[in-house]
2 protein chains.
Amino acid sequence: MPSATPKQLAQRKAFGARVRQLRLAAGLSQEELAHRAELDRSYVGQVERGERNISLDNIYRLADAVQCSPVDLFVR
Amino acid sequence: MPSATPKQLAQRKAFGARVRQLRLAAGLSQEELAHRAELDRSYVGQVERGERNISLDNIYRLADAVQCSPVDLFVR
């Protein structure tokens with residue numbers, strides 16, 4: 001796996017922080033979010049910590065699970 | 001590779017169509033966009049046709065290359 005640049009790591013962290021924020025706003029645990037999104041709980045934890053280069057399909061899964069638009073998962 | 005659902009394929013197509021739209025609005029060829037984004041031209045073509053489950057890092061690369069926010073690459 002090629003290593004990510006500092007900019008990419010910051011982008012992943014910002015995305016993950018937004019996922020966590022919207023998950024908490026929805027009153028969901030990581031496990032509940034993972035279940036709704038049909039993703040692994042440990043994967044969701046990694047995404048929230050900015051440790052994953054998440055794909056489009058999974059961005060939509062998470063957005064759907066917190067009933068928001070993918071757009072809302074990007075900090076503006 | 002697990003096959004994508006019809007919904008995922010539609011999401012990828014919508015994303016790709018938006019990339020193409022913003023690329024053309026910026027007056028760039030696929031080759032120019034690929035060069036700016038440091039991606040392969042054939043990969044950019046596949047993304048535009050909705051054939052790729054693009055990752056967060058590459059979403060940002062394309063957004064930066066057309067000087068927009070990743071948010072603008074999602075149809076609202």
# chains A, B, ... in the order shown; residues from 1 in each chain; ligands from 1
call {"tool": "interface_residues", "arguments": {"of": "chain B", "to": "chain A", "cutoff": "12 Å", "atoms": "only C-alpha atoms", "output": "PyMOL selection string"}}
result
chain B and resi 2-16+47+50-61+64+68-76
call {"tool": "atom_distance", "arguments": {"atom1": "atom CA of Leu22 of chain A", "atom2": "atom CA of Val66 of chain A"}}
result
6.7 Å
call {"tool": "select_by_dssp", "arguments": {"residues": "chain A", "states": "helix (DSSP H, G or I)", "output": "ChimeraX atom specification"}}
result
/A:6-25,30-37,41-48,56-65,70-73
call {"tool": "atom_distance", "arguments": {"atom1": "atom CA of Gln46 of chain A", "atom2": "atom CA of Ala63 of chain B"}}
result
23.8 Å
call {"tool": "atom_distance", "arguments": {"atom1": "atom CA of Arg49 of chain A", "atom2": "atom CA of Val19 of chain B"}}
result
27.7 Å
call {"tool": "residues_around", "arguments": {"residues": "Ser29 of chain A", "least_positions_apart": "4", "cutoff": "12 Å", "atoms": "only C-alpha atoms", "output": "PyMOL selection string"}}
result
chain A and resi 19-25+33-36+41+44-45+65-66
